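J.: target_22.txt is reproduced below (compact mmCIF, C-alpha atoms).
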```txt
# COMPACT_ATOMS: atom_id res chain seq x y z
CA MET A 1 7.67 -10.61 33.11
CA GLN A 2 7.01 -9.72 29.45
CA SER A 3 9.71 -8.07 27.40
CA VAL A 4 9.71 -6.67 23.88
CA HIS A 5 12.83 -6.71 21.70
CA ALA A 6 13.77 -6.44 18.06
CA SER A 7 12.97 -9.86 16.62
CA LEU A 8 15.84 -12.31 16.26
CA PRO A 9 16.43 -14.44 13.16
CA GLU A 10 15.90 -17.62 15.20
CA GLU A 11 12.39 -16.46 16.14
CA ARG A 12 11.14 -17.01 12.58
CA ASP A 13 9.31 -20.28 13.26
CA LEU A 14 7.77 -18.98 16.49
CA ILE A 15 6.55 -15.84 14.74
CA LEU A 16 4.99 -17.79 11.89
CA ALA A 17 3.41 -20.22 14.37
CA ALA A 18 1.94 -17.28 16.31
CA ALA A 19 0.51 -15.86 13.07
CA SER A 20 -0.95 -19.21 11.96
CA GLY A 21 -2.26 -20.01 15.45
CA SER A 22 -3.93 -16.63 15.92
CA GLY A 23 -6.84 -17.82 13.84
CA VAL A 24 -6.94 -14.54 11.94
CA PHE A 25 -4.15 -14.77 9.35
CA THR A 26 -4.90 -16.60 6.10
CA ALA A 27 -2.26 -18.95 4.67
CA GLU A 28 -1.40 -16.24 2.12
CA GLU A 29 -0.95 -13.70 4.90
CA VAL A 30 1.34 -16.06 6.82
CA ARG A 31 3.42 -16.47 3.66
CA THR A 32 3.55 -12.67 3.36
CA VAL A 33 4.76 -12.36 6.97
CA ALA A 34 7.44 -14.98 6.17
CA GLU A 35 8.61 -13.04 3.11
CA MET A 36 8.77 -9.79 5.07
CA PHE A 37 10.62 -11.46 7.96
CA ASP A 38 13.14 -12.99 5.55
CA ASP A 39 13.74 -9.55 4.02
CA TYR A 40 14.18 -8.09 7.51
CA VAL A 41 16.73 -10.76 8.43
CA ALA A 42 18.59 -10.67 5.10
CA SER A 43 18.79 -6.87 4.66
CA GLY A 44 18.07 -5.41 8.07
CA ALA A 45 15.19 -3.18 9.08
CA ALA A 46 16.49 0.01 7.46
CA ARG A 47 17.12 -1.48 4.01
CA SER A 48 14.16 -3.84 3.89
CA GLY A 49 11.76 -1.25 5.30
CA TYR A 50 10.36 -3.92 7.64
CA HIS A 51 10.87 -3.70 11.38
CA PHE A 52 9.89 -6.64 13.61
CA CYS A 53 9.63 -6.89 17.36
CA SER A 54 8.78 -9.85 19.55
CA CYS A 55 7.16 -10.08 22.97
CA ARG A 56 8.44 -12.95 25.10
CA GLN A 57 7.90 -14.22 28.61
CA ALA A 58 9.85 -17.06 30.21
CA GLY A 59 11.11 -18.14 26.81
CA ARG A 60 7.66 -18.24 25.17
CA LEU A 61 6.87 -15.98 22.21
CA LEU A 62 3.62 -14.20 23.07
CA GLY A 63 3.32 -12.04 19.99
CA PHE A 64 5.04 -9.93 17.39
CA ALA A 65 4.60 -6.74 15.40
CA CYS A 66 5.85 -5.62 11.99
CA TRP A 67 5.96 -2.03 10.79
CA GLY A 68 7.89 0.24 8.44
CA PRO A 69 8.03 3.65 6.82
CA THR A 70 5.36 4.21 4.18
CA PRO A 71 7.09 4.72 0.82
CA LEU A 72 6.82 8.19 -0.73
CA THR A 73 5.68 9.82 2.52
CA ASP A 74 7.48 12.03 4.99
CA GLY A 75 6.95 10.69 8.49
CA THR A 76 4.12 8.20 7.93
CA TRP A 77 4.59 4.61 9.01
CA ASP A 78 2.54 1.50 8.28
CA LEU A 79 1.81 -0.91 11.10
CA TYR A 80 1.61 -4.01 8.91
CA TRP A 81 0.89 -6.66 11.51
CA ILE A 82 0.41 -6.93 15.22
CA CYS A 83 -0.35 -10.40 16.52
CA THR A 84 -0.81 -11.94 19.93
CA ALA A 85 -0.57 -15.72 20.21
CA ARG A 86 -4.01 -17.13 20.89
CA GLU A 87 -3.10 -18.51 24.32
CA ALA A 88 -1.59 -15.17 25.41
CA GLN A 89 -4.55 -12.92 24.59
CA LYS A 90 -5.97 -10.44 27.11
CA ASN A 91 -2.63 -10.13 28.93
CA GLY A 92 -1.50 -6.76 27.66
CA VAL A 93 0.75 -8.27 24.99
CA GLY A 94 -0.87 -6.25 22.22
CA ARG A 95 -0.51 -3.06 24.24
CA SER A 96 3.19 -3.77 24.96
CA LEU A 97 3.82 -4.38 21.27
CA PHE A 98 1.87 -1.33 20.17
CA GLU A 99 3.72 0.90 22.63
CA ALA A 100 7.07 -0.48 21.45
CA VAL A 101 6.12 0.24 17.84
CA GLU A 102 4.96 3.76 18.68
CA THR A 103 8.16 4.48 20.62
CA SER A 104 10.27 3.26 17.73
CA ILE A 105 8.35 5.32 15.19
CA ARG A 106 8.56 8.43 17.34
CA ALA A 107 12.34 7.91 17.75
CA ALA A 108 12.66 7.71 13.96
CA GLY A 109 10.86 11.03 13.57
CA GLY A 110 7.57 9.50 12.48
CA ARG A 111 4.37 11.56 12.73
CA LEU A 112 1.57 9.24 11.73
CA ILE A 113 0.82 5.52 12.11
CA VAL A 114 -1.54 3.99 9.56
CA ILE A 115 -3.17 0.58 9.92
CA TYR A 116 -5.13 -1.30 7.28
CA THR A 117 -7.62 -3.83 8.57
CA SER A 118 -10.80 -5.63 7.62
CA SER A 119 -14.45 -5.04 8.39
CA THR A 120 -15.21 -8.74 8.97
CA PRO A 121 -16.23 -10.19 12.35
CA ALA A 122 -12.84 -11.99 12.62
CA TYR A 123 -11.25 -8.53 12.99
CA ALA A 124 -13.72 -7.12 15.54
CA ALA A 125 -11.26 -7.65 18.40
CA ALA A 126 -8.47 -6.06 16.35
CA ARG A 127 -10.62 -3.00 15.64
CA ARG A 128 -11.50 -2.59 19.32
CA PHE A 129 -7.81 -2.95 20.15
CA TYR A 130 -6.75 -0.19 17.73
CA GLU A 131 -9.40 2.11 19.15
CA LYS A 132 -8.19 1.38 22.68
CA MET A 133 -4.66 2.26 21.53
CA GLY A 134 -5.90 5.70 20.48
CA CYS A 135 -6.25 5.05 16.76
CA SER A 136 -9.11 6.62 14.82
CA HIS A 137 -11.10 4.95 12.10
CA SER A 138 -10.20 7.36 9.31
CA ALA A 139 -11.48 5.76 6.13
CA THR A 140 -13.38 2.86 4.58
CA ILE A 141 -13.08 1.35 1.11
CA THR A 142 -16.11 -0.84 0.48
CA ASP A 143 -15.52 -4.38 -0.90
CA TYR A 144 -11.76 -3.87 -0.92
CA TYR A 145 -10.54 -7.28 0.23
CA ARG A 146 -13.45 -9.06 -1.43
CA GLN A 147 -17.20 -8.56 -1.87
CA GLY A 148 -18.55 -7.74 1.59
CA ASP A 149 -15.09 -7.36 3.15
CA ASP A 150 -14.22 -3.69 3.43
CA LEU A 151 -10.86 -2.05 4.07
CA LEU A 152 -10.88 0.04 7.23
CA ILE A 153 -8.00 2.46 7.70
CA TYR A 154 -7.08 3.47 11.22
CA SER A 155 -4.54 6.16 11.98
CA LYS A 156 -2.89 7.71 14.98
CA HIS A 157 -0.84 10.87 15.25
CA VAL A 158 2.30 9.97 17.17
CA ALA A 159 2.29 11.70 20.54
CA GLY A 160 5.25 14.02 20.96
CA ALA A 161 6.16 13.90 17.26
CA GLN A 162 7.59 17.08 15.72
CA MET B 1 -3.69 8.21 -34.44
CA GLN B 2 -3.00 7.30 -30.81
CA SER B 3 -2.48 3.69 -29.84
CA VAL B 4 -2.03 2.02 -26.48
CA HIS B 5 0.08 -1.12 -26.08
CA ALA B 6 1.85 -3.06 -23.32
CA SER B 7 5.02 -1.06 -22.71
CA LEU B 8 8.20 -2.28 -24.38
CA PRO B 9 11.57 -2.56 -22.61
CA GLU B 10 13.06 0.04 -24.96
CA GLU B 11 10.45 2.59 -23.86
CA ARG B 12 12.08 2.90 -20.42
CA ASP B 13 13.80 6.22 -21.07
CA LEU B 14 10.75 7.74 -22.73
CA ILE B 15 8.53 6.68 -19.83
CA LEU B 16 10.89 8.14 -17.25
CA ALA B 17 11.21 11.34 -19.31
CA ALA B 18 7.41 11.62 -19.47
CA ALA B 19 7.21 11.18 -15.70
CA SER B 20 9.94 13.74 -15.02
CA GLY B 21 8.57 16.18 -17.56
CA SER B 22 5.01 15.99 -16.27
CA GLY B 23 5.93 18.40 -13.51
CA VAL B 24 4.04 16.32 -10.95
CA PHE B 25 6.37 13.43 -10.10
CA THR B 26 9.10 14.05 -7.52
CA ALA B 27 12.60 12.67 -8.15
CA GLU B 28 11.85 9.90 -5.64
CA GLU B 29 8.65 9.03 -7.48
CA VAL B 30 10.50 8.88 -10.82
CA ARG B 31 13.01 6.49 -9.21
CA THR B 32 10.08 4.40 -7.97
CA VAL B 33 8.61 4.24 -11.48
CA ALA B 34 12.05 3.15 -12.74
CA GLU B 35 12.26 0.36 -10.16
CA MET B 36 8.77 -0.86 -10.98
CA PHE B 37 9.47 -0.73 -14.73
CA ASP B 38 12.70 -2.69 -14.26
CA ASP B 39 10.78 -5.34 -12.29
CA TYR B 40 8.16 -5.46 -15.04
CA VAL B 41 10.82 -5.95 -17.73
CA ALA B 42 12.89 -8.44 -15.73
CA SER B 43 10.07 -10.64 -14.39
CA GLY B 44 7.07 -9.85 -16.56
CA ALA B 45 3.77 -8.34 -15.49
CA ALA B 46 2.34 -11.46 -13.83
CA ARG B 47 5.35 -12.20 -11.60
CA SER B 48 6.29 -8.60 -10.80
CA GLY B 49 2.70 -7.54 -10.20
CA TYR B 50 3.34 -4.41 -12.27
CA HIS B 51 1.64 -3.90 -15.61
CA PHE B 52 2.67 -1.01 -17.85
CA CYS B 53 1.09 0.37 -20.99
CA SER B 54 2.23 3.17 -23.28
CA CYS B 55 0.30 5.54 -25.48
CA ARG B 56 2.12 6.53 -28.67
CA GLN B 57 1.37 8.58 -31.74
CA ALA B 58 3.65 8.87 -34.77
CA GLY B 59 6.52 7.44 -32.77
CA ARG B 60 6.16 9.84 -29.82
CA LEU B 61 5.37 8.53 -26.35
CA LEU B 62 2.39 10.56 -25.11
CA GLY B 63 1.94 8.86 -21.76
CA PHE B 64 1.98 5.67 -19.76
CA ALA B 65 0.11 3.88 -17.00
CA CYS B 66 1.19 1.35 -14.38
CA TRP B 67 -1.18 -0.88 -12.41
CA GLY B 68 -1.31 -4.25 -10.69
CA PRO B 69 -3.29 -6.54 -8.42
CA THR B 70 -3.49 -5.36 -4.81
CA PRO B 71 -1.76 -7.94 -2.61
CA LEU B 72 -4.00 -9.91 -0.23
CA THR B 73 -7.20 -8.89 -2.00
CA ASP B 74 -9.53 -10.80 -4.30
CA GLY B 75 -10.19 -8.71 -7.39
CA THR B 76 -8.88 -5.30 -6.32
CA TRP B 77 -6.27 -3.57 -8.44
CA ASP B 78 -4.11 -0.55 -7.75
CA LEU B 79 -3.68 2.04 -10.48
CA TYR B 80 -0.22 3.16 -9.38
CA TRP B 81 0.51 5.81 -11.98
CA ILE B 82 -1.11 7.37 -14.99
CA CYS B 83 0.87 10.06 -16.70
CA THR B 84 0.43 12.17 -19.80
CA ALA B 85 3.48 13.95 -21.20
CA ARG B 86 3.15 17.67 -20.59
CA GLU B 87 3.02 18.57 -24.28
CA ALA B 88 0.30 15.95 -24.96
CA GLN B 89 -2.18 17.02 -22.32
CA LYS B 90 -5.86 17.63 -23.12
CA ASN B 91 -5.76 15.23 -26.09
CA GLY B 92 -7.56 12.27 -24.60
CA VAL B 93 -4.33 10.45 -23.79
CA GLY B 94 -5.30 9.99 -20.14
CA ARG B 95 -8.69 8.65 -21.14
CA SER B 96 -7.16 6.18 -23.62
CA LEU B 97 -4.75 4.97 -20.95
CA PHE B 98 -7.43 4.71 -18.28
CA GLU B 99 -9.74 2.75 -20.59
CA ALA B 100 -6.91 0.37 -21.51
CA VAL B 101 -6.18 -0.20 -17.82
CA GLU B 102 -9.84 -0.78 -17.02
CA THR B 103 -10.21 -3.23 -19.93
CA SER B 104 -7.15 -5.14 -18.78
CA ILE B 105 -8.37 -5.31 -15.18
CA ARG B 106 -11.82 -6.47 -16.25
CA ALA B 107 -10.27 -9.16 -18.47
CA ALA B 108 -8.25 -10.37 -15.46
CA GLY B 109 -11.43 -10.70 -13.39
CA GLY B 110 -10.84 -7.53 -11.38
CA ARG B 111 -13.75 -5.89 -9.57
CA LEU B 112 -12.36 -2.70 -8.09
CA ILE B 113 -9.76 -0.10 -9.09
CA VAL B 114 -8.17 1.89 -6.30
CA ILE B 115 -6.11 5.05 -6.81
CA TYR B 116 -4.03 6.87 -4.20
CA THR B 117 -3.43 10.54 -4.85
CA SER B 118 -2.64 13.77 -3.09
CA SER B 119 -4.74 16.69 -1.92
CA THR B 120 -2.24 19.33 -3.08
CA PRO B 121 -2.93 21.83 -5.89
CA ALA B 122 -0.41 20.03 -8.13
CA TYR B 123 -2.84 17.11 -8.24
CA ALA B 124 -6.01 19.11 -8.88
CA ALA B 125 -6.03 18.15 -12.56
CA ALA B 126 -5.43 14.51 -11.65
CA ARG B 127 -8.37 14.53 -9.22
CA ARG B 128 -10.67 16.06 -11.83
CA PHE B 129 -9.48 13.46 -14.31
CA TYR B 130 -10.27 10.53 -11.98
CA GLU B 131 -13.73 11.93 -11.33
CA LYS B 132 -14.29 12.28 -15.09
CA MET B 133 -13.27 8.64 -15.47
CA GLY B 134 -16.06 7.64 -13.07
CA CYS B 135 -13.96 7.22 -9.95
CA SER B 136 -15.36 8.24 -6.57
CA HIS B 137 -13.44 9.95 -3.82
CA SER B 138 -13.84 7.22 -1.21
CA ALA B 139 -11.52 8.20 1.63
CA THR B 140 -9.10 10.79 3.00
CA ILE B 141 -6.18 10.34 5.40
CA THR B 142 -5.15 13.75 6.69
CA ASP B 143 -1.41 14.67 6.62
CA TYR B 144 -0.52 11.31 5.07
CA TYR B 145 2.17 12.36 2.60
CA ARG B 146 3.39 15.18 4.83
CA GLN B 147 1.86 17.85 7.04
CA GLY B 148 -0.85 19.52 4.95
CA ASP B 149 -0.67 16.92 2.17
CA ASP B 150 -3.50 14.43 2.55
CA LEU B 151 -3.96 11.05 0.93
CA LEU B 152 -7.13 10.89 -1.16
CA ILE B 153 -8.31 7.45 -2.21
CA TYR B 154 -10.43 7.16 -5.32
CA SER B 155 -12.08 3.95 -6.37
CA LYS B 156 -14.14 2.63 -9.24
CA HIS B 157 -16.15 -0.55 -9.52
CA VAL B 158 -15.18 -2.14 -12.83
CA ALA B 159 -18.14 -2.09 -15.19
CA GLY B 160 -19.20 -5.56 -16.26
CA ALA B 161 -17.12 -7.29 -13.57
CA GLN B 162 -18.47 -10.52 -12.06
```
Starting from the coordinates I provided, produce the structure as structure tokens.
T.:
Amino acid sequence: MQSVHASLPEERDLILAAASGSGVFTAEEVRTVAEMFDDYVASGAARSGYHFCSCRQAGRLLGFACWGPTPLTDGTWDLYWICTAREAQKNGVGRSLFEAVETSIRAAGGRLIVIYTSSTPAYAAARRFYEKMGCSHSATITDYYRQGDDLLIYSKHVAGAQ
Amino acid sequence: MQSVHASLPEERDLILAAASGSGVFTAEEVRTVAEMFDDYVASGAARSGYHFCSCRQAGRLLGFACWGPTPLTDGTWDLYWICTAREAQKNGVGRSLFEAVETSIRAAGGRLIVIYTSSTPAYAAARRFYEKMGCSHSATITDYYRQGDDLLIYSKHVAGAQ
């Protein structure tokens, strides 16, 4: 039985291992996740602006998500990362995490979820996943990450938001 | 004679006054500029990721700009703010600032400048300015800042970049 909960400080290593092992995060991105997680643990979600949740089953960490309010907006939230451990893929972990994030954002009065991702083949599964979760591909910035690697912005209006 | 230089710590109050007095920045945005400027002064441009330049003439501060490398990209830079003091508008201050920013980004090996702005009437002059500077309106995220206030993303490939 999978369960999703606000990430615990002692899950740091498992979360970073899931990110590294996913095959999608670069070393720099894993370091960024670590910095955001350390902020979340040190200052809390509200002050740091970074929320984390973990999906576990029988003690194993199957995935995590990180999201937070977009600065200078009223009711827009960034979904920074959503990651399923490689060995747990295709088991609904991503959906459980996404639904937990959406529920949390709705409870906080959020209206809009925005996701920044890449156009490269490594992110094809991620893009299909966002579309399955009801996100729309709203915008493209060509060559954003590097030459030939575009930024794709997905967004979703939060169901039931005010 | 206008001149543009890397902003000096003692220009903090003038920069914040220019932002407040522009009539476009909200109080929260002015606080954000202050936080970024304090990071720039405390840690320097390279470590903070925030570069600032000021345009002055005969001792008066006519405007400022703030920009920095976009995290997790190779060669993309965000132009966070560009602001001309209300009484100095239509004197080429914005162009001088924009050209200084572009020169600095090119010198740092940057390829792409990305600008996030709003769809509201208050930003109509800003949008015309970016287009005059050769930026293209690349993307829109509806209701991003708040209901009825869209995010518009402008971008410009840096001339002469590798």
J.: Show me, as a list in words, every residue of chain B with an atom at most 9 Å from chain A, counting only C-alpha atoms.
T.: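 Listed by rising number, the hits are Glu28, Glu29, Thr32, Thr70, Leu72, Thr73, Asp74, Gly75, Thr76, Arg111, Leu112, Val114, Ser138, Ala139, Thr140, Ile141, Thr142, Asp143, Tyr144, Tyr145, Arg146, Gln147, Ile153 and Ser155 of chain B.
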J.: Around all the atoms of stretch 2-8 of chain A listed in the file, draw an axis-aligned box and extend it by 5 Å on each of the six sides; I want its centre and edge lengths in Å to one decimal, as JSON.
T.:
```
{"center_x": 11.4, "center_y": -9.4, "center_z": 22.9, "size_x": 18.8, "size_y": 15.9, "size_z": 23.2}
```
J.: Residues within 10 Å of (-7.1, 21.3, -19.8), file coordinates, counting only C-alpha atoms: what are they? Give the list as a PDB file with C-alpha atoms, keeping the file's coordinate frame.
T.:
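After the write, result-v6.pdb holds the following:
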```pdb
ATOM      1  CA  GLN B  89      -2.180  17.020 -22.320  1.00  0.00           C
ATOM      2  CA  LYS B  90      -5.860  17.630 -23.120  1.00  0.00           C
ATOM      3  CA  ASN B  91      -5.760  15.230 -26.090  1.00  0.00           C
ATOM      4  CA  ALA B 125      -6.030  18.150 -12.560  1.00  0.00           C
ATOM      5  CA  PHE B 129      -9.480  13.460 -14.310  1.00  0.00           C
TER       6      PHE B 129
END
```
J.: Name all residues at most 9 Å from B:Val158 (count all atoms listed in the file; drop same-chain ones fewer than 2 positions away) and give them as a VMD selection string.
T.: chain B and resid 102 to 103 105 to 106 110 to 113 156 160 to 161
J.: Include C-alpha atoms and write out the residues we just selected as a compact mmCIF listing (two decimals), keeping the file's coordinate frame.
T.:
```
# COMPACT_ATOMS: atom_id res chain seq x y z
CA GLU B 102 -9.84 -0.78 -17.02
CA THR B 103 -10.21 -3.23 -19.93
CA ILE B 105 -8.37 -5.31 -15.18
CA ARG B 106 -11.82 -6.47 -16.25
CA GLY B 110 -10.84 -7.53 -11.38
CA ARG B 111 -13.75 -5.89 -9.57
CA LEU B 112 -12.36 -2.70 -8.09
CA ILE B 113 -9.76 -0.10 -9.09
CA LYS B 156 -14.14 2.63 -9.24
CA GLY B 160 -19.20 -5.56 -16.26
CA ALA B 161 -17.12 -7.29 -13.57
```
J.: Quick one: residues within 10 Å of B:Ala17, only C-alpha atoms, excluding same-chain residues fewer than 5 positions away - as a list in words?
T.: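 Residues meeting the cut-off are Glu11, Arg12, Ser22, Val30, Leu61, Gly63 and Ala85 of chain B.
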J.: Here is a test: counting all atoms listed in the file, which residue of B:Met1, B:Cys83, B:Val41, B:Tyr50 is nearest to B:Leu16?
T.: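 Closest to B:Leu16, using all atoms listed in the file: B:Cys83.
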J.: Quick one: residues within 10 Å of A:Arg86, all atoms listed in the file, excluding same-chain residues fewer than 5 positions away - as a list in words?
T.: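 What passes the distance filter is Ala18, Ala19, Ser20, Gly21, Ser22, Gly23, Val24, Leu62 and Gly63 of chain A.
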J.: Using atom CA of A:Ser118 and atom CA of A:Phe25 as the two end points, give the distance in Å to one decimal.
T.: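 Distance reported for this atom pair: 11.4 Å.
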J.: So what do you get for atom CA of B:Arg95 versus atom CA of B:Glu131, distance-wise?
T.: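 It comes out at 11.5 Å.
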J.: Excluding A:Val4 and any residue of its chain fewer than 2 positions from it, enumerate the residues within 7 Å of it, using only C-alpha atoms, and give them as a compact mmCIF listing (two decimals) with C-alpha atoms, keeping the file's coordinate frame.
T.:
```
# COMPACT_ATOMS: atom_id res chain seq x y z
CA GLN A 2 7.01 -9.72 29.45
CA CYS A 53 9.63 -6.89 17.36
CA SER A 54 8.78 -9.85 19.55
CA CYS A 55 7.16 -10.08 22.97
CA ARG A 56 8.44 -12.95 25.10
CA LEU A 97 3.82 -4.38 21.27
```
J.: Kindly indicate which residue among B:Trp81, B:Arg47, B:Ser3, B:Phe37 lies nearest to B:Gly59, using only C-alpha atoms for the distances.
T.: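 Going through B:Trp81, B:Arg47, B:Ser3, B:Phe37 one by one, the smallest distance to B:Gly59 is for B:Ser3.
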J.: Would you mind telling me which residue in A:Ile115, A:Ala27, A:Ala65, A:Ala159 lies nearest to A:Asp78 when using all atoms listed in the file?
T.: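 For A:Asp78, the nearest of the given residues is A:Ile115.
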J.: What is the distance between atom CA of A:Ile15 and atom CA of A:Gly134, in Å to one decimal?
T.: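 Taking atom CA of A:Ile15 as the start and atom CA of A:Gly134 as the end point, the length is 25.5 Å.
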J.: Produce stretch 35-43 of chain A of the given structure as output with all heavy atoms, as a PDB file, in the first residue's frame.
T.:
```pdb
ATOM      1  N   GLU A  35      19.779  21.371  -2.111  1.00  0.00           N
ATOM      2  CA  GLU A  35      19.712  22.719  -1.518  1.00  0.00           C
ATOM      3  C   GLU A  35      18.273  23.071  -1.120  1.00  0.00           C
ATOM      4  O   GLU A  35      18.031  23.644  -0.056  1.00  0.00           O
ATOM      5  CB  GLU A  35      20.210  23.764  -2.524  1.00  0.00           C
ATOM      6  CG  GLU A  35      21.719  23.806  -2.677  1.00  0.00           C
ATOM      7  CD  GLU A  35      22.157  24.728  -3.817  1.00  0.00           C
ATOM      8  OE1 GLU A  35      21.347  25.606  -4.226  1.00  0.00           O
ATOM      9  OE2 GLU A  35      23.278  24.562  -4.294  1.00  0.00           O
ATOM     10  N   MET A  36      17.326  22.733  -1.990  1.00  0.00           N
ATOM     11  CA  MET A  36      15.932  23.056  -1.704  1.00  0.00           C
ATOM     12  C   MET A  36      15.440  22.222  -0.514  1.00  0.00           C
ATOM     13  O   MET A  36      14.730  22.725   0.363  1.00  0.00           O
ATOM     14  CB  MET A  36      15.078  22.830  -2.955  1.00  0.00           C
ATOM     15  CG  MET A  36      15.417  23.825  -4.065  1.00  0.00           C
ATOM     16  SD  MET A  36      14.854  23.344  -5.735  1.00  0.00           S
ATOM     17  CE  MET A  36      13.160  23.904  -5.719  1.00  0.00           C
ATOM     18  N   PHE A  37      15.841  20.954  -0.461  1.00  0.00           N
ATOM     19  CA  PHE A  37      15.419  20.102   0.654  1.00  0.00           C
ATOM     20  C   PHE A  37      16.013  20.633   1.968  1.00  0.00           C
ATOM     21  O   PHE A  37      15.332  20.678   2.991  1.00  0.00           O
ATOM     22  CB  PHE A  37      15.843  18.647   0.408  1.00  0.00           C
ATOM     23  CG  PHE A  37      15.194  17.689   1.368  1.00  0.00           C
ATOM     24  CD1 PHE A  37      13.884  17.280   1.172  1.00  0.00           C
ATOM     25  CD2 PHE A  37      15.870  17.215   2.482  1.00  0.00           C
ATOM     26  CE1 PHE A  37      13.256  16.401   2.068  1.00  0.00           C
ATOM     27  CE2 PHE A  37      15.260  16.342   3.380  1.00  0.00           C
ATOM     28  CZ  PHE A  37      13.947  15.939   3.174  1.00  0.00           C
ATOM     29  N   ASP A  38      17.258  21.054   1.930  1.00  0.00           N
ATOM     30  CA  ASP A  38      17.885  21.575   3.153  1.00  0.00           C
ATOM     31  C   ASP A  38      17.175  22.853   3.617  1.00  0.00           C
ATOM     32  O   ASP A  38      16.991  23.052   4.820  1.00  0.00           O
ATOM     33  CB  ASP A  38      19.382  21.821   2.914  1.00  0.00           C
ATOM     34  CG  ASP A  38      20.147  20.506   2.723  1.00  0.00           C
ATOM     35  OD1 ASP A  38      19.608  19.435   3.092  1.00  0.00           O
ATOM     36  OD2 ASP A  38      21.265  20.552   2.179  1.00  0.00           O
ATOM     37  N   ASP A  39      16.769  23.688   2.679  1.00  0.00           N
ATOM     38  CA  ASP A  39      15.991  24.887   3.036  1.00  0.00           C
ATOM     39  C   ASP A  39      14.660  24.488   3.672  1.00  0.00           C
ATOM     40  O   ASP A  39      14.236  25.085   4.673  1.00  0.00           O
ATOM     41  CB  ASP A  39      15.659  25.697   1.775  1.00  0.00           C
ATOM     42  CG  ASP A  39      16.660  26.809   1.523  1.00  0.00           C
ATOM     43  OD1 ASP A  39      17.720  26.804   2.163  1.00  0.00           O
ATOM     44  OD2 ASP A  39      16.363  27.666   0.670  1.00  0.00           O
ATOM     45  N   TYR A  40      14.014  23.508   3.076  1.00  0.00           N
ATOM     46  CA  TYR A  40      12.718  23.018   3.565  1.00  0.00           C
ATOM     47  C   TYR A  40      12.850  22.491   4.993  1.00  0.00           C
ATOM     48  O   TYR A  40      12.031  22.790   5.864  1.00  0.00           O
ATOM     49  CB  TYR A  40      12.230  21.936   2.594  1.00  0.00           C
ATOM     50  CG  TYR A  40      11.218  20.957   3.103  1.00  0.00           C
ATOM     51  CD1 TYR A  40       9.873  21.316   3.255  1.00  0.00           C
ATOM     52  CD2 TYR A  40      11.581  19.636   3.394  1.00  0.00           C
ATOM     53  CE1 TYR A  40       8.941  20.385   3.702  1.00  0.00           C
ATOM     54  CE2 TYR A  40      10.653  18.705   3.825  1.00  0.00           C
ATOM     55  CZ  TYR A  40       9.334  19.084   3.992  1.00  0.00           C
ATOM     56  OH  TYR A  40       8.413  18.174   4.425  1.00  0.00           O
ATOM     57  N   VAL A  41      13.933  21.750   5.249  1.00  0.00           N
ATOM     58  CA  VAL A  41      14.117  21.186   6.589  1.00  0.00           C
ATOM     59  C   VAL A  41      14.492  22.294   7.584  1.00  0.00           C
ATOM     60  O   VAL A  41      13.972  22.355   8.698  1.00  0.00           O
ATOM     61  CB  VAL A  41      15.201  20.074   6.564  1.00  0.00           C
ATOM     62  CG1 VAL A  41      15.602  19.673   7.976  1.00  0.00           C
ATOM     63  CG2 VAL A  41      14.683  18.868   5.779  1.00  0.00           C
ATOM     64  N   ALA A  42      15.374  23.191   7.160  1.00  0.00           N
ATOM     65  CA  ALA A  42      15.875  24.217   8.088  1.00  0.00           C
ATOM     66  C   ALA A  42      14.806  25.252   8.421  1.00  0.00           C
ATOM     67  O   ALA A  42      14.689  25.685   9.572  1.00  0.00           O
ATOM     68  CB  ALA A  42      17.113  24.908   7.485  1.00  0.00           C
ATOM     69  N   SER A  43      14.008  25.660   7.422  1.00  0.00           N
ATOM     70  CA  SER A  43      13.091  26.793   7.618  1.00  0.00           C
ATOM     71  C   SER A  43      11.627  26.402   7.571  1.00  0.00           C
ATOM     72  O   SER A  43      10.762  27.227   7.866  1.00  0.00           O
ATOM     73  CB  SER A  43      13.326  27.853   6.529  1.00  0.00           C
ATOM     74  OG  SER A  43      14.686  28.165   6.409  1.00  0.00           O
TER      75      SER A  43
END
```
